[in-house]
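Structure file input_15.txt; described as compact mmCIF, C-alpha atoms.
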# COMPACT_ATOMS: atom_id res chain seq x y z
CA MET A 211 -4.20 211.78 72.12
CA GLY A 212 -1.51 213.70 73.99
CA SER A 213 -1.41 213.86 77.78
CA ARG A 214 -3.49 216.59 79.38
CA THR A 215 -2.42 218.50 82.46
CA ALA A 216 -3.07 217.22 85.98
CA GLN A 217 -5.79 219.89 86.33
CA ASP A 218 -7.73 218.20 83.49
CA ALA A 219 -7.58 214.74 85.08
CA LEU A 220 -10.51 213.03 86.77
CA ARG A 221 -9.95 212.08 90.40
CA ASP A 222 -12.86 209.93 91.60
CA LEU A 223 -10.61 206.84 91.91
CA ASP A 224 -8.35 206.83 94.96
CA GLY A 225 -4.70 207.25 94.00
CA VAL A 226 -5.41 207.60 90.27
CA LEU A 227 -5.42 210.53 87.87
CA TYR A 228 -7.13 209.64 84.62
CA ARG A 229 -9.13 210.87 81.66
CA PRO A 230 -11.73 209.28 79.37
CA ALA A 231 -10.03 207.23 76.67
CA ASP A 232 -10.37 208.17 73.04
CA HIS A 233 -10.83 204.69 71.58
CA GLY A 234 -13.49 202.67 69.79
CA ASP A 235 -15.85 199.98 71.01
CA GLY A 236 -13.53 197.11 70.11
CA LYS A 237 -10.97 197.97 72.74
CA LEU A 238 -13.69 198.45 75.35
CA ALA A 239 -15.16 195.07 74.52
CA GLY A 240 -11.74 193.47 74.97
CA ALA A 241 -11.30 195.10 78.37
CA LEU A 242 -14.76 193.97 79.52
CA ALA A 243 -14.01 190.44 78.37
CA ALA A 244 -10.65 190.51 80.20
CA ARG A 245 -12.35 191.56 83.44
CA LYS A 246 -14.91 188.78 83.14
CA THR A 247 -12.21 186.19 82.51
CA LEU A 248 -10.11 187.35 85.47
CA LEU A 249 -13.13 187.10 87.77
CA ASP A 250 -14.14 183.73 86.35
CA GLU A 251 -10.62 182.46 86.99
CA GLY A 252 -10.91 183.59 90.61
CA VAL A 253 -8.25 186.27 90.98
CA SER A 254 -8.58 187.81 94.42
CA PHE A 255 -6.66 189.37 97.25
CA ARG A 256 -7.29 189.79 100.94
CA GLY A 257 -9.47 192.83 101.69
CA VAL A 258 -10.96 193.07 98.17
CA ASP A 259 -14.51 191.94 97.42
CA SER A 260 -14.60 188.65 95.54
CA GLY A 261 -16.66 190.26 92.77
CA GLU A 262 -13.93 192.77 91.96
CA VAL A 263 -10.54 192.46 90.32
CA PRO A 264 -8.00 193.68 92.93
CA TRP A 265 -6.28 196.03 90.46
CA LEU A 266 -7.29 198.22 87.53
CA VAL A 267 -7.90 196.01 84.50
CA ALA A 268 -5.67 196.88 81.56
CA ALA A 269 -7.28 197.11 78.17
CA GLU A 270 -4.50 195.07 76.55
CA PRO A 271 -1.10 193.47 77.25
CA PHE A 272 1.91 195.75 77.56
CA PRO A 273 4.06 195.33 74.45
CA VAL A 274 7.81 194.99 75.01
CA ASP A 275 9.69 195.70 71.81
CA GLU A 276 12.57 193.68 70.44
CA GLU A 277 15.27 195.94 71.86
CA LEU A 278 13.91 195.95 75.40
CA THR A 279 13.16 192.21 75.30
CA GLY A 280 16.77 191.57 74.33
CA ARG A 281 18.04 193.81 77.10
CA LEU A 282 15.86 192.00 79.64
CA ARG A 283 17.30 188.66 78.53
CA SER A 284 20.82 190.03 78.79
CA LEU A 285 20.13 191.39 82.27
CA GLY A 286 18.68 188.08 83.45
CA ALA A 287 21.77 186.23 82.23
CA ALA A 288 24.03 188.73 83.99
CA VAL A 289 22.12 188.37 87.27
CA PHE A 290 22.47 184.59 87.13
CA ALA A 291 26.21 185.05 86.61
CA LEU A 292 26.45 187.48 89.51
CA SER A 293 24.53 185.10 91.78
CA ASP A 294 26.84 182.22 90.88
CA ALA A 295 29.99 184.26 91.46
CA VAL A 296 28.75 185.60 94.79
CA GLN A 297 27.75 182.12 95.92
CA ASP A 298 31.23 180.79 95.13
CA LEU A 299 32.81 183.69 97.02
CA TYR A 300 30.55 182.95 99.99
CA ALA A 301 31.60 179.28 99.92
CA GLU A 302 35.23 180.41 99.95
CA GLY A 303 34.58 182.53 103.03
CA HIS A 304 34.93 185.99 101.49
CA PRO A 305 34.27 188.36 104.41
CA VAL A 306 32.50 191.09 102.40
CA VAL A 307 30.05 188.62 100.88
CA ARG A 308 29.36 186.89 104.17
CA ASP A 309 28.93 190.18 106.00
CA HIS A 310 26.27 191.16 103.46
CA LEU A 311 24.36 187.93 103.05
CA ASP A 312 24.37 186.55 106.59
CA ILE A 313 22.52 189.56 108.03
CA GLY A 314 19.42 188.33 109.83
CA VAL A 315 19.88 184.68 108.84
CA PRO A 316 19.64 182.12 111.69
CA ASP A 317 23.00 180.47 112.37
CA ASP A 318 21.69 176.97 111.72
CA VAL A 319 20.59 177.73 108.14
CA ARG A 320 23.62 179.74 106.98
CA GLY A 321 25.75 178.51 104.12
CA LEU A 322 23.57 175.57 103.11
CA ASP A 323 23.00 174.09 99.63
CA LEU A 324 26.13 175.76 98.29
CA ALA A 325 26.51 173.08 95.61
CA ARG A 326 23.19 174.12 94.04
CA THR A 327 22.49 177.44 92.35
CA LEU A 328 19.68 179.95 91.99
CA ASP A 329 17.11 178.38 89.70
CA LEU A 330 14.09 180.71 89.36
CA PHE A 331 13.69 184.41 90.06
CA ARG A 332 11.84 187.57 89.14
CA LEU A 333 13.39 190.99 88.73
CA ASP A 334 11.67 194.24 89.65
CA VAL A 335 12.60 196.46 86.73
CA VAL A 336 12.21 200.18 86.12
CA VAL A 337 12.42 201.19 82.47
CA THR A 338 14.36 204.42 82.10
CA ASP A 339 15.34 205.86 78.70
CA GLY A 340 14.18 202.57 77.23
CA ARG A 341 16.65 200.54 79.30
CA PRO A 342 15.83 198.07 82.09
CA MET A 343 17.18 198.82 85.57
CA ALA A 344 16.72 196.03 88.11
CA THR A 345 15.88 197.53 91.49
CA GLU A 346 15.37 194.18 93.20
CA LEU A 347 15.89 190.44 92.81
CA GLU A 348 12.88 188.47 94.05
CA GLU A 349 13.25 184.71 94.37
CA LEU A 350 9.67 184.26 95.60
CA ILE A 351 7.62 184.74 92.43
CA GLY A 352 4.34 186.01 93.85
CA ASN A 353 2.33 186.38 90.63
CA VAL A 354 2.34 182.85 89.25
CA GLY A 355 -1.44 182.45 89.54
CA LYS A 356 -2.04 185.81 87.88
CA MET A 357 0.03 184.73 84.89
CA HIS A 358 -2.37 181.82 84.36
CA ALA A 359 -5.39 184.13 84.60
CA PHE A 360 -3.76 186.66 82.27
CA GLU A 361 -3.43 184.03 79.57
CA GLY A 362 -7.19 183.56 79.40
CA ALA A 363 -7.85 187.29 79.68
CA TYR A 364 -5.30 188.57 77.16
CA GLY A 365 -4.05 185.61 75.12
CA VAL A 366 -0.45 185.84 76.35
CA SER A 367 0.78 182.30 76.93
CA ALA A 368 1.87 181.36 80.44
CA THR A 369 3.03 177.91 79.34
CA PRO A 370 6.78 178.78 79.49
CA LEU A 371 6.42 179.64 83.19
CA PHE A 372 4.43 176.57 84.19
CA ALA A 373 6.56 174.32 81.99
CA ALA A 374 9.55 175.45 84.06
CA PHE A 375 7.81 174.14 87.20
CA ALA A 376 6.87 170.92 85.39
CA ARG A 377 10.48 170.35 84.26
CA ARG A 378 11.47 170.58 87.90
CA ASP A 379 8.77 168.03 88.76
CA VAL A 380 7.26 170.41 91.33
CA SER A 381 4.37 168.68 93.07
CA ARG A 382 4.37 170.61 96.36
CA VAL A 383 4.37 174.24 97.42
CA TRP A 384 5.66 175.00 100.91
CA LEU A 385 4.34 178.37 102.08
CA ASP A 386 5.61 180.76 104.73
CA ASP A 387 2.99 180.51 107.49
CA GLU A 388 2.66 184.31 107.40
CA LEU A 389 1.74 184.32 103.71
CA GLY A 390 -1.65 182.67 103.78
CA SER A 391 -3.00 185.53 101.64
CA TYR A 392 -1.27 183.87 98.68
CA GLY A 393 -3.78 181.00 98.83
CA PRO A 394 -5.75 182.20 95.76
CA GLU A 395 -2.51 182.51 93.75
CA MET A 396 -1.53 178.97 94.65
CA ALA A 397 -5.01 177.64 93.82
CA LEU A 398 -4.62 179.03 90.30
CA MET A 399 -1.19 177.43 90.03
CA GLN A 400 -2.58 174.08 91.18
CA ARG A 401 -5.32 174.22 88.56
CA ARG A 402 -2.91 175.08 85.74
CA MET A 403 -0.37 172.41 86.66
CA LYS A 404 -3.11 169.77 86.75
CA GLU A 405 -4.82 170.83 83.52
CA GLU A 406 -1.71 171.29 81.37
CA PHE A 407 0.82 168.86 82.83
CA GLY A 408 -1.20 166.39 84.92
CA HIS A 409 0.69 167.40 88.08
CA ASP A 410 -1.22 167.21 91.36
CA VAL A 411 0.40 170.03 93.37
CA ALA A 412 -0.21 170.05 97.13
CA VAL A 413 0.04 173.35 99.02
CA ASP A 414 0.89 173.44 102.72
CA PHE A 415 2.65 175.59 105.30
CA PHE A 416 6.30 175.09 106.21
CA SER A 417 5.34 174.52 109.85
CA ARG A 418 4.07 171.11 108.66
CA PHE A 419 7.06 170.35 106.43
CA GLN A 420 7.80 166.68 105.82
CA ASP A 421 10.20 165.29 103.25
CA ASP A 422 8.13 162.70 101.38
CA GLY A 423 10.47 162.65 98.39
CA ARG A 424 8.34 164.92 96.21
CA LYS A 425 9.85 168.07 94.73
CA GLY A 426 8.67 171.30 96.32
CA TRP A 427 8.68 175.00 95.55
CA ARG A 428 10.01 176.93 98.56
CA PHE A 429 7.79 179.98 99.07
CA CYS A 430 9.50 181.33 102.17
CA TYR A 431 12.68 183.32 102.65
CA VAL A 432 15.29 181.33 104.53
CA LYS A 433 15.85 184.17 107.01
CA ASP A 434 12.13 183.91 107.87
CA PHE A 435 12.65 180.34 109.07
CA VAL A 436 13.28 182.11 112.37
CA GLN A 437 9.51 181.81 112.95
CA TYR A 438 9.86 178.00 113.25
CA ASP A 439 11.29 176.08 116.14
CA ALA A 440 14.54 174.14 115.88
CA THR A 441 12.81 170.83 115.15
CA VAL A 442 10.98 172.20 112.12
CA ARG A 443 14.13 173.88 110.83
CA GLU A 444 16.04 170.62 111.17
CA ARG A 445 13.39 168.84 109.07
CA ILE A 446 13.58 171.53 106.40
CA VAL A 447 17.37 171.41 106.23
CA ALA A 448 17.36 167.61 106.08
CA GLY A 449 14.92 167.71 103.13
CA SER A 450 16.41 170.70 101.37
CA GLU A 451 17.51 168.73 98.30
CA THR A 452 13.84 168.50 97.31
CA LEU A 453 13.35 172.28 97.25
CA THR A 454 13.47 174.90 94.49
CA ASN A 455 15.11 177.36 95.02
CA PRO A 456 18.01 175.97 97.08
CA LEU A 457 18.22 177.23 100.66
CA PHE A 458 21.24 179.44 100.01
CA SER A 459 19.27 181.40 97.40
CA GLY A 460 16.63 182.19 100.02
CA TYR A 461 18.81 184.63 101.88
CA GLY A 462 17.62 188.23 101.81
CA THR A 463 18.09 188.80 98.11
CA LYS A 464 18.06 192.58 98.54
CA GLY A 465 21.68 192.13 99.58
CA LEU A 466 22.79 190.49 96.34
CA LEU A 467 22.59 193.20 93.65
CA PRO A 468 24.48 195.85 95.68
CA LEU A 469 27.49 193.52 95.81
CA CYS A 470 28.23 194.26 92.15
CA TRP A 471 28.96 197.86 93.21
CA HIS A 472 31.26 197.00 96.13
CA GLU A 473 34.74 198.31 95.30
CA ASP A 474 36.42 195.43 97.12
CA LEU A 475 34.68 192.90 94.84
CA THR A 476 34.98 194.59 91.45
CA ASP A 477 38.13 192.79 90.28
CA GLU A 478 37.08 189.40 91.63
CA LEU A 479 33.56 189.55 90.17
CA THR A 480 34.92 190.69 86.82
CA ARG A 481 37.35 187.76 86.74
CA ARG A 482 34.69 185.21 87.62
CA MET A 483 31.82 186.60 85.55
CA GLY A 484 33.76 187.90 82.57
CA GLN A 485 33.90 191.56 81.60
CA GLU A 486 30.77 191.64 79.46
CA LEU A 487 28.48 190.00 81.99
CA PHE A 488 29.88 192.15 84.78
CA ASP A 489 29.37 195.29 82.70
CA ALA A 490 25.84 194.13 81.85
CA VAL A 491 24.82 193.71 85.49
CA ARG A 492 26.26 197.09 86.43
CA ALA A 493 24.57 198.77 83.47
CA GLY A 494 21.27 197.21 84.54
CA THR A 495 21.27 197.97 88.28
CA PRO A 496 21.28 201.32 90.10
CA GLN A 497 24.31 202.02 92.25
CA ALA A 498 23.70 200.64 95.74
CA THR A 499 25.49 200.29 99.07
CA LEU A 500 24.73 198.48 102.30
CA LEU A 501 24.75 201.01 105.13
CA PRO A 502 26.60 200.08 108.31
CA ALA A 503 24.59 199.32 111.42
CA ALA A 504 25.51 202.73 112.83
CA PRO A 505 26.01 205.16 109.92
CA ALA A 506 28.57 207.90 110.54
CA PRO A 507 27.28 211.48 110.83
CA GLU A 508 28.92 212.41 107.53
CA THR A 509 27.05 209.53 105.83
CA LEU A 510 23.74 210.86 107.13
CA ASP A 511 24.71 214.35 106.00
CA SER A 512 25.38 213.03 102.51
CA LEU A 513 22.00 211.26 102.45
CA ARG A 514 20.39 214.53 103.47
CA ASP A 515 22.19 216.52 100.79
CA THR A 516 21.46 214.02 98.00
CA ARG A 517 17.93 213.11 99.05
CA LYS A 518 16.30 213.87 95.67
CA ARG A 519 18.58 211.26 94.07
CA THR A 520 18.35 208.67 96.84
CA VAL A 521 16.21 205.68 97.85
CA LEU A 522 16.54 203.82 101.15
CA LYS A 523 15.38 200.21 101.46
CA VAL A 524 14.98 198.07 104.55
CA MET A 525 17.17 195.01 104.05
CA ASP A 526 16.60 193.36 107.42
CA ALA A 527 14.14 194.13 110.21
CA PRO A 528 14.22 191.53 113.00
CA GLY A 529 10.68 190.73 114.08
CA HIS A 530 9.18 192.87 111.31
CA PRO A 531 9.68 190.94 108.05
CA GLU A 532 6.79 192.76 106.38
CA TYR A 533 9.12 195.74 105.89
CA THR A 534 11.44 193.63 103.75
CA TRP A 535 8.62 192.59 101.39
CA GLY A 536 7.25 194.70 98.58
CA SER A 537 7.29 198.47 98.92
CA ARG A 538 6.49 199.02 102.59
CA GLY A 539 10.14 199.34 103.56
CA VAL A 540 11.13 201.57 100.62
CA PHE A 541 11.65 205.30 101.27
CA PHE A 542 12.20 207.87 98.54
CA GLY A 543 14.22 210.97 99.27
CA ASP A 544 12.23 212.92 96.70
CA THR A 545 9.82 214.05 99.40
CA ALA A 546 9.44 216.87 101.92
CA ALA A 547 12.69 217.66 103.75
CA ASN A 548 11.13 217.15 107.20
CA ARG A 549 9.74 213.75 106.19
CA TRP A 550 13.14 212.68 104.86
CA GLN A 551 14.73 213.79 108.12
CA GLN A 552 12.37 211.45 109.97
CA VAL A 553 13.61 208.62 107.76
CA LEU A 554 17.24 209.52 108.47
CA ASP A 555 16.54 209.68 112.20
CA ALA A 556 15.15 206.16 112.01
CA VAL A 557 18.19 204.97 110.03
CA ALA A 558 20.51 206.46 112.65
CA ALA A 559 18.56 204.72 115.44
CA GLY A 560 18.41 201.38 113.61
CA SER A 561 14.61 201.50 113.49
CA ILE A 562 11.82 202.19 110.98
CA PRO A 563 9.97 205.50 110.57
CA GLY A 564 6.96 205.41 112.86
CA ARG A 565 8.04 202.07 114.40
CA THR A 566 10.30 202.78 117.34
CA ASP A 567 9.75 199.19 118.51
CA ALA A 568 11.80 197.97 115.52
CA LYS A 569 15.46 197.46 116.46
CA ASP A 570 18.68 196.57 114.64
CA VAL A 571 17.20 197.42 111.25
CA ARG A 572 19.64 197.48 108.31
CA TYR A 573 19.28 199.60 105.19
CA ILE A 574 20.53 199.69 101.62
CA VAL A 575 20.95 203.05 99.90
CA ASN A 576 20.17 203.13 96.17
CA SER A 577 20.56 205.77 93.53
CA LEU A 578 17.12 206.82 92.33
CA VAL A 579 16.14 205.75 88.82
CA ASP A 580 12.95 207.28 87.48
CA SER A 581 10.62 205.46 85.14
CA ASP A 582 9.81 206.39 81.59
CA ARG A 583 6.17 207.49 81.34
CA TYR A 584 3.37 205.77 79.48
CA ASP A 585 -0.28 206.47 78.71
CA ILE A 586 -2.08 203.23 79.59
CA ASP A 587 -5.74 202.39 78.94
CA PHE A 588 -7.78 200.62 81.59
CA LEU A 589 -11.36 199.74 82.47
CA HIS A 590 -13.10 201.96 85.01
CA PRO A 591 -13.83 199.64 87.95
CA ARG A 592 -17.37 200.94 88.52
CA GLU A 593 -18.46 201.89 85.02
CA ALA A 594 -18.30 200.15 81.66
CA THR A 595 -16.03 202.85 80.24
CA LEU A 596 -12.48 202.90 79.00
CA CYS A 597 -10.07 205.33 80.66
CA THR A 598 -6.45 206.41 80.19
CA MET A 599 -3.91 206.72 83.00
CA PRO A 600 -1.54 209.38 81.62
CA ARG A 601 2.17 209.58 82.38
CA ALA A 602 2.21 206.34 84.33
CA ARG A 603 5.39 204.94 85.83
CA VAL A 604 6.03 201.27 85.11
CA ARG A 605 7.53 198.37 87.03
CA LEU A 606 8.16 195.25 84.99
CA GLY A 607 8.34 191.82 86.62
CA PRO A 608 10.20 189.53 84.17
CA VAL A 609 10.64 185.94 85.35
CA PHE A 610 13.75 183.89 84.54
CA SER A 611 14.72 180.24 84.87
CA ARG A 612 18.02 178.40 84.59
CA GLU A 613 17.86 175.68 81.95
CA PRO A 614 20.47 173.22 80.64
CA ASP A 615 21.02 175.45 77.60
CA GLY A 616 21.28 178.64 79.67
CA PRO A 617 19.00 181.30 81.20
CA ARG A 618 15.48 181.66 79.85
CA LEU A 619 13.04 184.59 80.03
CA LEU A 620 9.64 183.03 80.79
CA GLY A 621 7.34 186.05 80.62
CA GLY A 622 6.21 188.59 83.18
CA HIS A 623 3.80 191.35 84.08
CA ALA A 624 3.76 195.12 84.24
CA THR A 625 2.37 197.41 86.96
CA PHE A 626 1.52 201.07 86.32
CA VAL A 627 0.81 203.97 88.70
CA ASN A 628 0.76 207.74 88.21
CA THR A 629 0.40 209.27 91.68
CA SER A 630 3.29 207.53 93.44
CA ARG A 631 6.88 206.47 92.90
CA LYS A 632 5.99 203.07 94.36
CA ALA A 633 4.65 200.97 91.50
CA HIS A 634 3.06 198.27 93.63
CA LEU A 635 -0.09 196.26 93.02
CA GLY A 636 -3.37 197.62 94.38
CA ARG A 637 -6.65 199.27 93.46
CA HIS A 638 -4.72 202.34 92.30
CA ALA A 639 -2.55 200.38 89.86
CA ILE A 640 -3.00 198.90 86.41
CA CYS A 641 -1.64 195.39 85.99
CA ALA A 642 -1.15 193.57 82.68
CA PRO A 643 0.92 190.75 81.21
CA VAL A 644 3.86 191.73 79.05
CA ARG A 645 3.92 190.65 75.43
CA LEU A 646 7.57 189.95 74.66
CA ALA A 647 9.11 190.33 71.22
CA THR A 648 9.85 186.76 70.17
CA ALA A 649 12.67 187.64 67.78
CA ALA A 650 14.93 189.21 70.41
CA THR A 651 17.87 187.10 71.57
CA GLY A 652 19.51 189.23 74.22
CA ASP A 653 22.83 187.43 73.86
CA VAL A 654 25.74 188.76 75.85
CA GLY A 655 29.35 187.71 75.96
CA GLY A 656 30.36 185.06 78.46
CA ALA A 657 28.73 181.75 79.28
CA VAL A 658 26.21 181.29 82.06
CA PRO A 659 26.13 177.62 83.01
CA GLY A 660 23.10 175.44 83.46
CA PRO A 661 22.29 173.71 86.75
CA ARG A 662 25.24 172.27 88.63
CA PRO A 663 25.32 168.48 88.73
Representation of the structure as C-alpha cells:
Amino acid sequence: MGSRTAQDALRDLDGVLYRPADHGDGKLAGALAARKTLLDEGVSFRGVDSGEVPWLVAAEPFPVDEELTGRLRSLGAAVFALSDAVQDLYAEGHPVVRDHLDIGVPDDVRGLDLARTLDLFRLDVVVTDGRPMATELEELIGNVGKMHAFEGAYGVSATPLFAAFARRDVSRVWLDDELGSYGPEMALMQRRMKEEFGHDVAVDFFSRFQDDGRKGWRFCYVKDFVQYDATVRERIVAGSETLTNPLFSGYGTKGLLPLCWHEDLTDELTRRMGQELFDAVRAGTPQATLLPAAPAPETLDSLRDTRKRTVLKVMDAPGHPEYTWGSRGVFFGDTAANRWQQVLDAVAAGSIPGRTDAKDVRYIVNSLVDSDRYDIDFLHPREATLCTMPRARVRLGPVFSREPDGPRLLGGHATFVNTSRKAHLGRHAICAPVRLATAATGDVGGAVPGPRP
C-alpha cells in the first residue's frame, strides 16, 4: 500500500501519524506475541507503567540488506581507525586534538589509559540514499538489555553482543550515579550473562567503586567523574586497567568524529589511517566543526543563513550533563526563523536555549543529513490492531567490538519516528532489532589492529 497524505493519517497517538495496516492475521499475531515477550522479559523505563512497553512495538525486525550491512561494517572499521589515530595524536600532544577532547574533562583524569584503545561502541546512524551516515559515536551502549529482550520477541540473536562481554570477562557494571534509570536494562544484562555464559555480573554505582580485580564495564563518561570527590576519582584511576572501555575513550565522544573534518588534521589522519579508511570515515560522517567558545559575528551570520542545512549539538555543558546525552541538546535549523535565532543567541552567550543558568557551553555544528523514509508496521498500544507509520525517519544503532581478528559488527536496533527529526526512543517511536545480512563482508582497504598488548 502506498503512503497516504498527512490529512488521511490517524492522530490519536501523541507524536504519531499512522494508518490502519493492510496485512493479514499472521503479522498481527507475531506483533502481539512480541509485545507479550517484551513485557514478560521486563522491559521498562522510568515514567512508563510496568504493564506497557515504553515504545511502539514493531511488527517485525528491520531488515538491513547486504549492501547496507557491508557499508555499516566498513564504517565501523573506519571509526576504529580514526579513534586510534586521534588517540596517538593526543598522546603526542597535538594541540588541535587536545583542544577538542579535553573540553570539560577534569584535569586529574585527562590523558589516561593511552596504551589501551576503544573497545566497544555504538554509532547513531542516519540512512540517507541507502548509505549510513554516523551522526554520533556512543561508547555507553544503552540498549544492551533491550537486545536480549528483542531476541525472544523477534528471533534475532543477541549472542554476538553478550559474547563480546563474556570474552572480556565482564563481571561488574559500574554505573554513573545519575543513571539509575538504566537499572532495568542492567537487570536484563545480568540475567543473560548468567543464563548463557554463567557470569555473575554485579551492578553498582561508581561512587562505591572498589578495585577487587574483577573486570568491569564502565557506564559513565569520564568527564562526568566531576560528580565524584577526589578520593573516589583516585580509586577509579588506580583501578582503571579493569575497565572496558579504557578511561581515555570515555571523553566526550561527540568531539571525535568532527576531527576527521579538521583541515589541520587531514594529511596526518590520512597518513596514519590510510587513504581508504580515511575516505570511508569522511564518506560516512556529516561535515562537522567545533565552534569556538565565543563565535565571531560572521560565524553566527553564516549559521543563520544556512539554518535549513544545519544542526547544532551541545558538546559540553558544565553542570548540565543531560544536554550532552541523547537528543535533548540537539537543535535543528530546519525550524521557524525566530526559534533558530533563540538558539543562536544561546550559542553566542555560551548557554542553552531556555537555560540561562547554563554557562560555558560548547557546541558542534553539523551539516544536516535527512533520513530515507520507510513505512513501518507496529502494534497499536491500546488496541489489538496493526498500524503503519508512513514515511518514518530511521536511526540505526549498530554496535561494534574490537576483536583480535579486527572489528566486528555485533547487531543493533532501529528507531523510527514520523513527526520529528529527532529519532529518539519514546512512546512516539517504533523500536525494533535489525536483521543484518549475514553474507556482507564490508571489507575496506587498510588494516585496523586488534587490541594493543
Quick one: which stretch 511-543 of chain A residues come within 12 Å of stretch 635-642 of chain A, and what is the nearest atom pair for each with the distance in Å to one decimal, counting all atoms listed in the file, rows ordered by chain and ascending number, as a tab-separated table?
residue	atom	partner	partner_atom	distance
A:Gly536	CA	A:Leu635	CA	9.3
A:Ser537	CA	A:Leu635	CA	9.7
A:Arg538	CA	A:Leu635	CA	11.9
| said: List the spatial neighbours of A:Ala633 as a ChimeraX atom specification - criterion: any atom at most 9 Å away, all atoms listed in the file, same-chain residues fewer than 2 positions off excluded. | reply: /A:537,603-605,625-628,630-631,635,639
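Distance annotation: of A:Glu346, A:Glu388, A:Asp318, A:Asp329, the residue with the minimal separation from A:Ala498 is A:Glu346; atom set is all atoms listed in the file.
Using all atoms listed in the file, the contacts of A:Pro230 at a cut-off of 12 Å, with sequence neighbours closer than 2 positions omitted, comprise A:Met211, A:Ser213, A:Arg214, A:Asp218, A:Ala219, A:Leu220, A:Arg221, A:Leu227, A:Tyr228, A:Asp232, A:His233, A:Gly234, A:Leu238, A:Asp585, A:Ile586, A:Asp587, A:Phe588, A:Leu589, A:His590, A:Glu593, A:Ala594, A:Thr595, A:Leu596, A:Cys597, A:Thr598, A:Met599, A:Pro600.
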How would the residues just chosen look if you wrote them out with C-alpha atoms as a PDB file, in the coordinates of the input?
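Final output, out_0.pdb:
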ATOM      1  CA  MET A 211      -4.200 211.780  72.120  1.00  0.00           C
ATOM      2  CA  SER A 213      -1.410 213.860  77.780  1.00  0.00           C
ATOM      3  CA  ARG A 214      -3.490 216.590  79.380  1.00  0.00           C
ATOM      4  CA  ASP A 218      -7.730 218.200  83.490  1.00  0.00           C
ATOM      5  CA  ALA A 219      -7.580 214.740  85.080  1.00  0.00           C
ATOM      6  CA  LEU A 220     -10.510 213.030  86.770  1.00  0.00           C
ATOM      7  CA  ARG A 221      -9.950 212.080  90.400  1.00  0.00           C
ATOM      8  CA  LEU A 227      -5.420 210.530  87.870  1.00  0.00           C
ATOM      9  CA  TYR A 228      -7.130 209.640  84.620  1.00  0.00           C
ATOM     10  CA  ASP A 232     -10.370 208.170  73.040  1.00  0.00           C
ATOM     11  CA  HIS A 233     -10.830 204.690  71.580  1.00  0.00           C
ATOM     12  CA  GLY A 234     -13.490 202.670  69.790  1.00  0.00           C
ATOM     13  CA  LEU A 238     -13.690 198.450  75.350  1.00  0.00           C
ATOM     14  CA  ASP A 585      -0.280 206.470  78.710  1.00  0.00           C
ATOM     15  CA  ILE A 586      -2.080 203.230  79.590  1.00  0.00           C
ATOM     16  CA  ASP A 587      -5.740 202.390  78.940  1.00  0.00           C
ATOM     17  CA  PHE A 588      -7.780 200.620  81.590  1.00  0.00           C
ATOM     18  CA  LEU A 589     -11.360 199.740  82.470  1.00  0.00           C
ATOM     19  CA  HIS A 590     -13.100 201.960  85.010  1.00  0.00           C
ATOM     20  CA  GLU A 593     -18.460 201.890  85.020  1.00  0.00           C
ATOM     21  CA  ALA A 594     -18.300 200.150  81.660  1.00  0.00           C
ATOM     22  CA  THR A 595     -16.030 202.850  80.240  1.00  0.00           C
ATOM     23  CA  LEU A 596     -12.480 202.900  79.000  1.00  0.00           C
ATOM     24  CA  CYS A 597     -10.070 205.330  80.660  1.00  0.00           C
ATOM     25  CA  THR A 598      -6.450 206.410  80.190  1.00  0.00           C
ATOM     26  CA  MET A 599      -3.910 206.720  83.000  1.00  0.00           C
ATOM     27  CA  PRO A 600      -1.540 209.380  81.620  1.00  0.00           C
TER      28      PRO A 600
END
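Here atom CA of A:Lys523 stands at a distance of 20.9 Å from atom CA of A:Val296.
Atom to atom, atom CA of A:Ala503 and atom CA of A:Arg443 stand 27.5 Å apart.
Note that atom CA of A:Tyr431 and atom CA of A:Ser417 are 13.5 Å apart.
Minimum atom-to-atom distances from A:Ala506, A:Val306, A:Ala559, A:Met525 to A:Asp474 were compared using all atoms listed in the file, and the lowest value belongs to A:Val306.
Each of A:Leu278, A:Cys430, A:Gln420, A:Leu330 was checked against A:Gly390 using all atoms listed in the file; the smallest atom-to-atom distance is that of A:Cys430.
When all atoms listed in the file are used to measure the gap to A:Pro342, the shortest distance among A:Pro468, A:Gly225, A:Gly494, A:Gly426 belongs to A:Gly494.
Proximity ranking of A:Thr369, A:Thr345, A:Glu508, A:Asn455 relative to A:Trp384 places A:Asn455 first, based on all atoms listed in the file.
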| task | Please return, as a PyMOL selection string, all polymer residues that have at least one atom within 9 Å of the point (21.9, 201.1, 110.7); use only C-alpha atoms and the file's own coordinate frame. | result | chain A and resi 501-505+556-561+570-573
Take every atom of stretch 625-634 of chain A listed in the file, fit an axis-aligned box around them, add 3 Å per side, and give the centre and edge lengths in Å to one decimal as lines of an AutoDock Vina configuration file.
center_x = 3.6
center_y = 203.3
center_z = 90.3
size_x = 12.5
size_y = 17.9
size_z = 14.0
| Could you tell me, as a ChimeraX atom specification, which residues have any atom at most 10 Å from (-0.5, 187.2, 89.6), counting all atoms listed in the file? | /A:253-254,351-360,392,394-396,398-399,622-623,635,641-643
Take the selection from the previous step and output its residues with C-alpha atoms, as a CSV table (one decimal), in the coordinates of the input.
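Now in selection.csv:
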chain,number,residue,atom,x,y,z
A,253,VAL,CA,-8.2,186.3,91.0
A,254,SER,CA,-8.6,187.8,94.4
A,351,ILE,CA,7.6,184.7,92.4
A,352,GLY,CA,4.3,186.0,93.8
A,353,ASN,CA,2.3,186.4,90.6
A,354,VAL,CA,2.3,182.8,89.2
A,355,GLY,CA,-1.4,182.4,89.5
A,356,LYS,CA,-2.0,185.8,87.9
A,357,MET,CA,0.0,184.7,84.9
A,358,HIS,CA,-2.4,181.8,84.4
A,359,ALA,CA,-5.4,184.1,84.6
A,360,PHE,CA,-3.8,186.7,82.3
A,392,TYR,CA,-1.3,183.9,98.7
A,394,PRO,CA,-5.8,182.2,95.8
A,395,GLU,CA,-2.5,182.5,93.8
A,396,MET,CA,-1.5,179.0,94.6
A,398,LEU,CA,-4.6,179.0,90.3
A,399,MET,CA,-1.2,177.4,90.0
A,622,GLY,CA,6.2,188.6,83.2
A,623,HIS,CA,3.8,191.4,84.1
A,635,LEU,CA,-0.1,196.3,93.0
A,641,CYS,CA,-1.6,195.4,86.0
A,642,ALA,CA,-1.2,193.6,82.7
A,643,PRO,CA,0.9,190.8,81.2
| message | Show me, as number ranges by chain, the residues that have an atom within 12 Å of A:Arg245 when counting only C-alpha atoms, minus same-chain residues fewer than 2 positions from it. | response | A: 238-243, 247-253, 261-270, 359-360, 362-364, 588-592, 594, 641-642
